[in-house]
>>> print(open('structure-v1.csv').read())   # CSV, C-alpha atoms and all ligand atoms
chain,number,residue,atom,x,y,z
A,8,MET,CA,0.0,0.0,0.0
A,9,ALA,CA,1.2,3.5,-0.8
A,10,ASN,CA,3.1,5.1,2.1
A,11,ALA,CA,5.3,7.5,0.2
A,12,HIS,CA,6.0,9.4,3.4
A,13,SER,CA,8.6,6.9,4.7
A,14,GLY,CA,11.3,8.9,2.9
A,15,THR,CA,11.9,6.2,0.3
A,16,LEU,CA,9.9,5.6,-2.8
A,17,ARG,CA,9.4,1.9,-3.3
A,18,ILE,CA,8.8,1.4,-7.0
A,19,GLY,CA,7.9,-1.5,-9.3
A,20,PHE,CA,8.0,-1.9,-13.0
A,21,ILE,CA,5.3,-3.4,-15.3
A,22,GLY,CA,7.1,-4.2,-18.5
A,23,ALA,CA,10.9,-4.6,-18.3
A,24,GLY,CA,11.9,-4.0,-21.9
A,25,GLY,CA,14.0,-1.2,-23.5
A,26,ILE,CA,12.4,1.9,-22.0
A,27,ALA,CA,12.1,0.3,-18.6
A,28,ALA,CA,16.0,0.0,-18.6
A,29,THR,CA,16.3,3.8,-19.5
A,30,GLN,CA,13.9,4.6,-16.7
A,31,MET,CA,15.7,2.4,-14.2
A,32,GLN,CA,19.1,3.9,-15.1
A,33,ALA,CA,17.6,7.3,-14.4
A,34,LEU,CA,16.7,6.2,-10.9
A,35,MET,CA,20.1,4.9,-10.0
A,36,SER,CA,21.3,8.3,-8.8
A,37,ARG,CA,18.4,8.6,-6.3
A,38,ALA,CA,19.2,7.5,-2.8
A,39,ASP,CA,15.5,7.9,-1.9
A,40,VAL,CA,14.2,5.4,-4.5
A,41,ARG,CA,14.3,1.6,-4.4
A,42,ILE,CA,13.4,-0.6,-7.3
A,43,VAL,CA,11.6,-3.3,-5.4
A,44,ALA,CA,10.1,-5.6,-8.0
A,45,ILE,CA,9.7,-6.0,-11.8
A,46,ALA,CA,7.1,-7.8,-13.9
A,47,ASP,CA,7.2,-8.9,-17.5
A,48,LEU,CA,5.6,-11.6,-19.5
A,49,ASP,CA,9.0,-12.4,-20.9
A,50,ALA,CA,11.3,-14.4,-18.6
A,51,ALA,CA,14.4,-13.3,-20.6
A,52,ALA,CA,13.5,-9.6,-20.1
A,53,LEU,CA,13.0,-10.2,-16.4
A,54,GLU,CA,16.3,-11.9,-16.1
A,55,THR,CA,18.2,-9.2,-18.0
A,56,ARG,CA,16.7,-6.2,-16.1
A,57,GLY,CA,16.7,-8.0,-12.8
A,58,GLN,CA,20.4,-8.8,-13.1
A,59,ALA,CA,21.4,-5.3,-14.5
A,60,PHE,CA,19.6,-3.4,-11.7
A,61,CYS,CA,19.9,-6.0,-8.9
A,62,VAL,CA,16.1,-6.6,-8.5
A,63,GLU,CA,15.4,-9.9,-6.8
A,64,ALA,CA,11.6,-9.9,-6.9
A,65,ARG,CA,10.6,-10.8,-10.5
A,66,TYR,CA,7.1,-11.7,-11.7
A,67,THR,CA,5.7,-13.0,-14.9
A,68,ASP,CA,2.2,-11.9,-13.6
A,69,TYR,CA,2.2,-8.2,-12.7
A,70,ARG,CA,-1.0,-8.7,-10.6
A,71,ARG,CA,0.9,-11.0,-8.4
A,72,MET,CA,3.5,-8.4,-8.0
A,73,LEU,CA,0.9,-5.8,-7.0
A,74,ARG,CA,-0.5,-8.2,-4.4
A,75,GLU,CA,2.8,-9.4,-2.9
A,76,SER,CA,5.3,-6.5,-3.1
A,77,ASP,CA,5.1,-3.6,-0.8
A,78,LEU,CA,5.1,-0.8,-3.3
A,79,ASP,CA,4.3,3.0,-3.3
A,80,ALA,CA,4.3,3.4,-7.1
A,81,VAL,CA,4.7,1.6,-10.4
A,82,SER,CA,6.0,2.6,-13.8
A,83,ILE,CA,4.1,1.1,-16.7
A,84,CYS,CA,6.4,0.3,-19.6
A,85,THR,CA,4.4,-2.3,-21.6
A,86,PRO,CA,3.3,-1.9,-25.2
A,87,ASN,CA,0.5,0.7,-25.5
A,88,LYS,CA,-2.5,-1.6,-25.4
A,89,ALA,CA,-1.6,-2.8,-21.9
A,90,HIS,CA,-1.1,0.7,-20.4
A,91,ALA,CA,-4.8,1.2,-19.4
A,92,THR,CA,-5.4,-2.1,-17.7
A,93,ALA,CA,-2.1,-2.1,-15.9
A,94,THR,CA,-2.6,1.5,-14.8
A,95,LEU,CA,-6.1,0.8,-13.5
A,96,ASP,CA,-5.0,-2.3,-11.6
A,97,ALA,CA,-2.1,-0.4,-10.0
A,98,LEU,CA,-4.3,2.6,-9.1
A,99,ARG,CA,-6.9,0.2,-7.5
A,100,ALA,CA,-4.0,-1.4,-5.6
A,101,GLY,CA,-3.5,2.0,-4.0
A,102,LEU,CA,-0.4,2.9,-6.0
A,103,HIS,CA,0.8,6.1,-7.7
A,104,VAL,CA,1.5,5.5,-11.4
A,105,LEU,CA,3.9,6.8,-14.1
A,106,CYS,CA,2.6,5.6,-17.4
A,107,GLU,CA,4.8,5.7,-20.5
A,108,LYS,CA,3.7,7.6,-23.6
A,109,PRO,CA,1.3,7.5,-25.3
A,110,MET,CA,-1.1,7.4,-22.3
A,111,ALA,CA,-3.2,4.6,-23.8
A,112,HIS,CA,-4.2,3.1,-27.1
A,113,SER,CA,-7.5,5.1,-27.1
A,114,ALA,CA,-9.0,8.3,-25.7
A,115,ALA,CA,-11.7,6.3,-23.9
A,116,ALA,CA,-9.1,4.2,-22.1
A,117,ALA,CA,-7.1,7.3,-21.2
A,118,ALA,CA,-10.3,9.0,-19.8
A,119,ARG,CA,-10.9,5.9,-17.6
A,120,MET,CA,-7.4,6.1,-16.3
A,121,ALA,CA,-7.6,9.8,-15.5
A,122,GLU,CA,-11.0,9.5,-13.8
A,123,THR,CA,-9.9,6.5,-11.7
A,124,ALA,CA,-6.8,8.3,-10.5
A,125,GLU,CA,-8.8,11.3,-9.6
A,126,THR,CA,-11.5,9.2,-7.8
A,127,LEU,CA,-9.0,7.2,-5.8
A,128,GLY,CA,-6.8,10.2,-5.0
A,129,ARG,CA,-3.7,8.6,-6.6
A,130,LYS,CA,-1.1,10.4,-8.7
A,131,LEU,CA,-1.0,9.6,-12.4
A,132,VAL,CA,1.8,11.1,-14.5
A,133,ILE,CA,2.5,10.5,-18.2
A,134,GLY,CA,6.0,9.8,-19.4
A,135,PHE,CA,6.4,12.9,-21.6
A,136,GLN,CA,10.1,13.7,-21.3
A,137,TYR,CA,10.3,16.3,-24.1
A,138,ARG,CA,8.6,18.9,-22.0
A,139,PHE,CA,11.5,18.7,-19.6
A,140,ASN,CA,14.0,19.6,-22.4
A,141,PRO,CA,15.5,23.1,-21.7
A,142,ARG,CA,14.5,24.2,-25.2
A,143,THR,CA,10.9,23.4,-24.5
A,144,GLN,CA,11.1,25.2,-21.1
A,145,PHE,CA,12.7,28.3,-22.8
A,146,LEU,CA,9.9,28.5,-25.4
A,147,ARG,CA,7.1,27.8,-22.9
A,148,ASN,CA,8.4,30.6,-20.7
A,149,ALA,CA,8.3,33.0,-23.7
A,150,VAL,CA,4.7,32.0,-24.5
A,151,ASP,CA,3.8,32.5,-20.8
A,152,LYS,CA,5.3,36.0,-20.9
A,153,GLY,CA,3.2,36.8,-24.0
A,154,ASP,CA,6.3,37.2,-26.3
A,155,LEU,CA,4.4,35.3,-29.0
A,156,GLY,CA,1.1,37.0,-28.5
A,157,ARG,CA,-1.9,34.9,-29.5
A,158,ILE,CA,-0.7,31.5,-30.9
A,159,LEU,CA,-2.3,31.2,-34.4
A,160,PHE,CA,-0.5,28.2,-35.9
A,161,GLY,CA,1.7,25.3,-35.0
A,162,ARG,CA,3.6,22.9,-37.2
A,163,VAL,CA,4.6,19.6,-35.8
A,164,GLN,CA,7.0,17.3,-37.6
A,165,ALA,CA,8.3,13.9,-36.4
A,166,MET,CA,9.6,12.4,-39.6
A,167,ARG,CA,12.0,9.5,-40.3
A,168,ARG,CA,13.2,9.0,-43.8
A,169,ARG,CA,13.4,5.3,-43.1
A,170,GLY,CA,13.2,4.2,-39.5
A,171,ILE,CA,10.7,1.4,-39.1
A,172,PRO,CA,11.3,-0.2,-35.6
A,173,ASN,CA,12.5,-3.8,-35.9
A,174,TRP,CA,11.9,-4.5,-32.2
A,175,GLY,CA,8.8,-4.6,-30.1
A,176,VAL,CA,5.3,-4.5,-31.7
A,177,PHE,CA,5.5,-1.0,-33.2
A,178,GLY,CA,4.0,-2.2,-36.6
A,179,ARG,CA,0.9,-3.7,-35.0
A,180,LYS,CA,-2.1,-1.5,-34.8
A,181,GLU,CA,-4.0,-3.8,-32.5
A,182,LEU,CA,-1.2,-3.6,-29.8
A,183,GLN,CA,0.0,0.0,-30.4
A,184,GLY,CA,-3.1,1.8,-31.5
A,185,GLY,CA,-1.2,3.1,-34.6
A,186,GLY,CA,2.2,3.7,-36.2
A,187,PRO,CA,4.5,6.8,-36.3
A,188,LEU,CA,1.8,9.2,-35.3
A,189,ILE,CA,1.2,7.5,-31.9
A,190,ASP,CA,4.8,6.4,-31.5
A,191,ILE,CA,7.0,9.4,-32.4
A,192,GLY,CA,4.4,12.1,-33.5
A,193,VAL,CA,3.1,12.0,-29.9
A,194,HIS,CA,6.5,13.3,-28.7
A,195,VAL,CA,6.5,16.5,-30.8
A,196,LEU,CA,2.7,16.9,-30.4
A,197,GLU,CA,2.8,16.7,-26.6
A,198,MET,CA,5.6,19.3,-26.3
A,199,THR,CA,4.1,21.6,-28.9
A,200,HIS,CA,0.7,21.4,-27.1
A,201,TYR,CA,2.5,22.0,-23.8
A,202,THR,CA,4.4,25.0,-25.2
A,203,MET,CA,1.1,26.5,-26.6
A,204,GLY,CA,-0.2,26.4,-23.0
A,205,SER,CA,-2.3,23.2,-23.4
A,206,PRO,CA,-5.3,24.6,-25.3
A,207,THR,CA,-8.4,22.5,-25.6
A,208,PRO,CA,-8.6,20.6,-29.0
A,209,VAL,CA,-12.0,20.7,-30.7
A,210,SER,CA,-11.7,18.9,-34.0
A,211,ALA,CA,-9.2,17.1,-36.3
A,212,SER,CA,-8.8,15.7,-39.7
A,213,ALA,CA,-6.1,13.5,-41.2
A,214,ASP,CA,-4.9,11.3,-44.0
A,215,MET,CA,-2.7,8.3,-43.5
A,216,PHE,CA,-0.8,6.1,-46.0
A,217,THR,CA,0.8,2.6,-45.7
A,218,TYR,CA,3.1,1.8,-48.7
A,219,LEU,CA,6.6,0.8,-47.5
A,220,GLY,CA,6.5,-1.0,-44.1
A,221,ASN,CA,4.1,-3.7,-45.4
A,222,GLN,CA,6.6,-4.8,-48.1
A,223,PRO,CA,9.3,-7.5,-47.7
A,224,SER,CA,12.2,-5.8,-45.9
A,225,ASP,CA,14.7,-6.9,-48.6
A,226,ARG,CA,12.8,-4.6,-51.0
A,227,VAL,CA,12.7,-1.5,-48.7
A,228,GLN,CA,15.8,0.1,-47.2
A,229,SER,CA,15.6,1.0,-43.5
A,230,VAL,CA,18.2,1.9,-40.9
A,231,TRP,CA,16.8,-1.0,-38.8
A,232,GLN,CA,16.4,-4.0,-41.1
A,233,GLY,CA,14.3,-7.0,-40.4
A,234,TRP,CA,11.0,-5.6,-39.1
A,235,ASP,CA,8.0,-7.9,-39.2
A,236,TRP,CA,6.5,-6.6,-42.5
A,237,LYS,CA,3.9,-9.4,-42.6
A,238,THR,CA,2.2,-8.2,-39.4
A,239,TYR,CA,2.8,-4.5,-40.3
A,240,ASP,CA,-0.6,-2.8,-40.5
A,241,VAL,CA,0.1,0.7,-39.2
A,242,GLU,CA,0.5,3.9,-41.2
A,243,ASP,CA,3.9,4.8,-42.7
A,244,LEU,CA,2.9,8.5,-43.1
A,245,ALA,CA,0.3,10.5,-41.3
A,246,VAL,CA,-0.6,14.2,-42.1
A,247,GLY,CA,-3.3,15.9,-40.0
A,248,ARG,CA,-4.8,19.1,-38.8
A,249,ILE,CA,-6.1,20.0,-35.3
A,250,ARG,CA,-8.2,23.0,-34.3
A,251,PHE,CA,-8.3,24.4,-30.7
A,252,ASP,CA,-11.0,26.3,-28.9
A,253,ASN,CA,-8.9,29.5,-28.9
A,254,GLY,CA,-8.8,29.5,-32.7
A,255,ALA,CA,-5.3,28.1,-33.0
A,256,VAL,CA,-4.6,25.5,-35.7
A,257,LEU,CA,-1.9,22.9,-35.7
A,258,HIS,CA,-0.6,20.8,-38.6
A,259,ILE,CA,1.2,17.5,-37.9
A,260,GLU,CA,3.3,15.3,-40.1
A,261,SER,CA,4.7,12.0,-38.9
A,262,CYS,CA,6.3,9.0,-40.6
A,263,PHE,CA,8.4,5.9,-40.1
A,264,ALA,CA,9.2,5.8,-43.8
A,265,ALA,CA,8.9,8.4,-46.6
A,266,HIS,CA,10.9,9.6,-49.6
A,267,ILE,CA,12.4,12.7,-47.9
A,268,GLU,CA,15.9,14.1,-47.7
A,269,LYS,CA,16.4,13.7,-44.0
A,270,ASP,CA,14.8,13.1,-40.6
A,271,THR,CA,13.0,16.0,-38.9
A,272,PHE,CA,12.0,16.2,-35.3
A,273,ASN,CA,10.8,19.8,-34.7
A,274,PHE,CA,8.0,22.2,-34.2
A,275,GLN,CA,7.3,25.8,-35.1
A,276,LEU,CA,4.8,28.2,-33.7
A,277,MET,CA,3.5,31.4,-35.3
A,278,GLY,CA,1.7,33.9,-33.0
A,279,SER,CA,0.4,37.4,-33.4
A,280,GLU,CA,3.5,39.0,-31.7
A,281,GLY,CA,6.2,36.4,-32.5
A,282,GLY,CA,7.1,32.9,-33.6
A,283,CYS,CA,9.5,30.2,-32.6
A,284,THR,CA,11.3,27.0,-33.6
A,285,TRP,CA,12.2,24.3,-31.2
A,286,ASP,CA,15.4,23.1,-32.8
A,287,PRO,CA,17.3,25.3,-32.8
A,288,ALA,CA,15.5,27.2,-30.0
A,289,ARG,CA,14.8,30.6,-31.6
A,290,ILE,CA,12.2,33.3,-31.1
A,291,PHE,CA,11.3,35.6,-34.0
A,292,ARG,CA,9.8,39.1,-33.3
A,293,ASP,CA,9.5,42.6,-34.5
A,294,GLU,CA,11.2,44.9,-32.0
A,295,GLY,CA,12.1,48.7,-32.3
A,296,GLY,CA,11.4,48.6,-36.0
A,297,TYR,CA,13.5,45.5,-36.8
A,298,MET,CA,12.8,41.9,-37.3
A,299,VAL,CA,14.8,40.3,-34.5
A,300,ASP,CA,15.8,36.6,-33.9
A,301,LYS,CA,16.2,35.9,-30.2
A,302,VAL,CA,18.8,33.2,-29.4
A,303,PRO,CA,19.3,31.9,-25.9
A,304,GLY,CA,22.9,32.7,-24.9
A,305,TRP,CA,23.1,29.5,-22.9
A,306,LEU,CA,20.8,26.6,-22.3
A,307,SER,CA,21.5,23.7,-20.0
A,308,PRO,CA,23.3,21.2,-22.2
A,309,LYS,CA,21.2,18.5,-20.5
A,310,THR,CA,19.3,17.5,-23.6
A,311,SER,CA,20.4,14.0,-24.3
A,312,TRP,CA,17.9,11.1,-24.3
A,313,GLN,CA,19.1,9.9,-20.9
A,314,ASP,CA,19.2,13.5,-19.5
A,315,MET,CA,15.5,14.0,-20.4
A,316,PHE,CA,14.7,10.6,-18.8
A,317,ASN,CA,16.6,11.6,-15.7
A,318,ALA,CA,14.5,14.8,-15.5
A,319,LYS,CA,11.2,13.1,-16.0
A,320,MET,CA,11.9,10.3,-13.5
A,321,HIS,CA,13.3,12.6,-10.9
A,322,ALA,CA,10.2,14.9,-11.3
A,323,PHE,CA,7.9,11.8,-10.8
A,324,VAL,CA,9.7,10.9,-7.6
A,325,ASP,CA,9.6,14.5,-6.4
A,326,HIS,CA,5.9,14.6,-7.2
A,327,VAL,CA,5.1,11.5,-5.3
A,328,LEU,CA,7.5,11.7,-2.4
A,329,TYR,CA,7.6,15.5,-1.8
A,330,ASP,CA,4.4,16.7,-3.4
A,331,GLN,CA,6.2,18.8,-6.0
A,332,PRO,CA,3.8,19.8,-8.8
A,333,THR,CA,4.0,17.8,-12.0
A,334,ILE,CA,4.3,19.3,-15.5
A,335,ALA,CA,3.0,16.0,-17.1
A,336,PRO,CA,-0.4,15.4,-15.5
A,337,ALA,CA,-2.9,12.9,-16.7
A,338,ARG,CA,-5.2,15.6,-18.1
A,339,ASP,CA,-2.4,16.6,-20.6
A,340,GLY,CA,-2.0,12.9,-21.6
A,341,LEU,CA,-5.8,12.7,-22.1
A,342,ALA,CA,-5.8,15.8,-24.3
A,343,VAL,CA,-3.0,14.4,-26.4
A,344,GLN,CA,-4.8,11.1,-26.6
A,345,LYS,CA,-8.0,12.7,-27.8
A,346,MET,CA,-6.1,14.5,-30.6
A,347,LEU,CA,-4.4,11.2,-31.7
A,348,ASP,CA,-7.7,9.3,-31.6
A,349,ALA,CA,-9.5,12.0,-33.6
A,350,LEU,CA,-6.7,12.0,-36.2
A,351,TYR,CA,-7.0,8.2,-36.6
A,352,ARG,CA,-10.8,8.4,-36.7
A,353,SER,CA,-10.7,11.0,-39.4
A,354,ALA,CA,-8.3,9.0,-41.5
A,355,GLU,CA,-10.7,6.0,-41.3
A,356,ARG,CA,-13.4,8.3,-42.5
A,357,GLY,CA,-11.5,9.4,-45.6
A,358,GLY,CA,-10.1,12.5,-44.0
A,359,ARG,CA,-13.4,14.1,-42.8
A,360,GLU,CA,-13.1,16.5,-40.0
A,361,VAL,CA,-14.2,14.9,-36.7
A,362,ALA,CA,-15.2,16.6,-33.4
A,363,ILE,CA,-13.1,16.1,-30.2
A,364,ARG,CA,-15.1,16.0,-27.0
B,401,LIG,N1,9.2,8.0,-23.6
B,401,LIG,C1,9.9,7.5,-24.7
B,401,LIG,O1,10.7,8.2,-25.3
B,401,LIG,C2,9.7,6.1,-25.1
B,401,LIG,C3,10.6,5.5,-26.0
B,401,LIG,C4,10.3,4.1,-26.3
B,401,LIG,C5,9.2,3.5,-25.9
B,401,LIG,N2,8.3,4.2,-25.1
B,401,LIG,C6,7.1,3.5,-24.7
B,401,LIG,O2,7.4,2.5,-23.7
B,401,LIG,C7,6.5,1.4,-23.9
B,401,LIG,C8,7.4,0.2,-24.0
B,401,LIG,O3,8.2,0.3,-25.1
B,401,LIG,P1,9.6,-0.5,-25.2
B,401,LIG,O4,10.4,0.2,-26.3
B,401,LIG,O5,10.2,-0.6,-23.9
B,401,LIG,O6,9.1,-1.9,-25.7
B,401,LIG,P2,9.8,-3.3,-25.5
B,401,LIG,O7,9.1,-4.2,-26.4
B,401,LIG,O8,11.3,-3.2,-25.4
B,401,LIG,O9,9.3,-3.7,-23.9
B,401,LIG,C9,8.0,-3.9,-23.6
B,401,LIG,C10,8.0,-5.0,-22.6
B,401,LIG,O10,6.7,-5.2,-22.0
B,401,LIG,C11,6.4,-6.6,-21.8
B,401,LIG,N3,5.0,-6.8,-21.7
B,401,LIG,C12,4.1,-6.8,-22.7
B,401,LIG,N4,2.8,-7.0,-22.2
B,401,LIG,C13,3.0,-7.1,-20.8
B,401,LIG,C14,2.1,-7.3,-19.7
B,401,LIG,N5,0.8,-7.5,-19.9
B,401,LIG,N6,2.6,-7.4,-18.5
B,401,LIG,C15,4.0,-7.3,-18.3
B,401,LIG,N7,4.8,-7.0,-19.3
B,401,LIG,C16,4.4,-7.0,-20.5
B,401,LIG,C17,7.1,-7.2,-23.0
B,401,LIG,O11,7.4,-8.6,-22.8
B,401,LIG,C18,8.4,-6.4,-23.2
B,401,LIG,O12,9.5,-6.9,-22.4
B,401,LIG,C19,5.6,1.7,-25.1
B,401,LIG,O13,4.4,2.2,-24.6
B,401,LIG,C20,6.4,2.8,-25.8
B,401,LIG,O14,5.5,3.7,-26.5
B,401,LIG,C21,8.5,5.4,-24.7
>>> encode(input="structure-v1.csv", output="structure tokens")
Amino acid sequence: MANAHSGTLRIGFIGAGGIAATQMQALMSRADVRIVAIADLDAAALETRGQAFCVEARYTDYRRMLRESDLDAVSICTPNKAHATATLDALRAGLHVLCEKPMAHSAAAAARMAETAETLGRKLVIGFQYRFNPRTQFLRNAVDKGDLGRILFGRVQAMRRRGIPNWGVFGRKELQGGGPLIDIGVHVLEMTHYTMGSPTPVSASADMFTYLGNQPSDRVQSVWQGWDWKTYDVEDLAVGRIRFDNGAVLHIESCFAAHIEKDTFNFQLMGSEGGCTWDPARIFRDEGGYMVDKVPGWLSPKTSWQDMFNAKMHAFVDHVLYDQPTIAPARDGLAVQKMLDALYRSAERGGREVAIR
């Protein structure tokens, strides 16, 4: 049962694959955290992570772990489809939860997760590490100060020329909820939405195309060869548009595979008083009769993958143990999930605009 006042956070993991390892590594520097138990369907994953992080209690059934281990919190690191059930089970066991991105495989599931956390008074945080990036914080601060004025338009791009994952189940819609849009588009979407000040989305439209990942991998080049093309039924390329209640509009482009020059992972905002790009972090304004580009003189260099994970994991611990506010609450995860859901729904309806409620 949760007792996060003992001064030590006793955490368990549900799913002990690749991202669980990155999370566990981030916790190694915390003297106030103990990884008490891990659960995974796969005995090999349990063995690997258990050995690497010295965790003795290993379970192939996470429900048994919830019953038997004395935990304060769990981190959910399973494929997307299992996020909701595992989160609900952990919340009902009285635990606080960090759930990896995307929050769930559907907005309905995400809504149940958020409501349950609220009803049971447990903390539910979504694993959105990009909002901890110093570039994102720099831009969000500018938006908060009004430097961009009213945000009119955002452009979100998470594009790989050829990067179809050859691990996990990232090509299976049933288990992931979708392809690049829900897997990598979600990263840039969540940080753009956060930077915009988390406006309420009201409608979306999208088109999606599958034309490379479902072909034999000896016919299609990719940086990670050997993905399971026979079970690949997600989109290769998604293009969409989202409207917000404050009149702002956002365009999103996301792909695992496309005929483009190079990968792009970036967003742009255009407002009534200024604009910005995320990479490099720049603000564009008119000042004193000149068009001015504002460049941060120094930003914390802590922008590596592991650095961002360190920030998100430490923030979760501080939120649970010391009641520090979180910048990645379940309501933001739900808003992002509603946008993703609506984009997929629209694509199924031939690109017709659909309402978001
Ligand atoms: N925040 C990020 O940048 C980031 C990066 C990669 C992955 N992720 C997310 O993390 C999650 C896991 O991705 P991954 O790359 O670690 O995948 P992975 O395939 O390496 O690991 C997933 C693990 O979950 C286990 N599993 C599946 N169903 C389970 C269940 N019901 N109970 C217990 N274990 C179960 C699998 O056996 C596997 O070991 C996904 O939701 C993914 O979107 C986030």
>>> closest_residue(input="structure-v1.csv", among="A:Val302, A:Ala121, A:Val230, A:Ile267", to="Gly170 of chain A", atoms="all atoms listed in the file")
A:Val230
>>> residues_near_ligand(input="structure-v1.csv", ligand="ligand LIG 401 (chain B)", cutoff="7 Å", atoms="all atoms listed in the file", output="PyMOL selection string")
chain A and resi 21-27+46-49+52+67-69+84-87+89+107-109+134-136+174-176+190
>>> residues_around(input="structure-v1.csv", residues="Met346 of chain A", least_positions_apart="5", cutoff="8 Å", atoms="all atoms listed in the file", output="ChimeraX atom specification")
/A:208,210-211,249,363
>>> closest_residue(input="structure-v1.csv", among="A:Asp79, A:Glu54, A:Asp286, A:Asp214", to="Ser261 of chain A", atoms="only C-alpha atoms")
A:Asp214
>>> closest_residue(input="structure-v1.csv", among="A:Arg147, A:Arg65, A:Arg70, A:His321", to="Ser36 of chain A", atoms="all atoms listed in the file")
A:His321
>>> residues_around(input="structure-v1.csv", residues="Asp225 of chain A", least_positions_apart="5", cutoff="12 Å", atoms="only C-alpha atoms", output="PyMOL selection string")
chain A and resi 219-220+231-236
>>> atom_distance(input="structure-v1.csv", atom1="atom CA of Arg17 of chain A", atom2="atom CA of Ala91 of chain A")
21.5 Å
>>> residues_around(input="structure-v1.csv", residues="Ile189 of chain A", least_positions_apart="6", cutoff="12 Å", atoms="all atoms listed in the file", output="PyMOL selection string")
chain A and resi 86-88+108-114+165+177-180+182-183+195-197+241-245+259-263+343-351
>>> residues_around(input="structure-v1.csv", residues="Phe316 of chain A", least_positions_apart="2", cutoff="8 Å", atoms="only C-alpha atoms", output="JSON, numbers by chain")
{"A": [29, 30, 33, 136, 312, 313, 314, 318, 319, 320]}
>>> atom_distance(input="structure-v1.csv", atom1="atom CA of Leu328 of chain A", atom2="atom CA of Leu16 of chain A")
6.6 Å
>>> atom_distance(input="structure-v1.csv", atom1="atom CA of Val209 of chain A", atom2="atom CA of Thr126 of chain A")
25.6 Å
>>> closest_residue(input="structure-v1.csv", among="A:Arg162, A:Arg364, A:Arg157, A:His103", to="Val327 of chain A", atoms="all atoms listed in the file")
A:His103
>>> closest_residue(input="structure-v1.csv", among="A:Ala362, A:Ala342, A:Met315, A:Leu188", to="His200 of chain A", atoms="only C-alpha atoms")
A:Ala342
>>> closest_residue(input="structure-v1.csv", among="A:Ile42, A:Leu131, A:Met120, A:Lys237", to="Thr92 of chain A", atoms="all atoms listed in the file")
A:Met120
>>> residues_around(input="structure-v1.csv", residues="Glu280 of chain A", least_positions_apart="5", cutoff="9 Å", atoms="only C-alpha atoms", output="number ranges by chain")
A: 153-158, 291-293
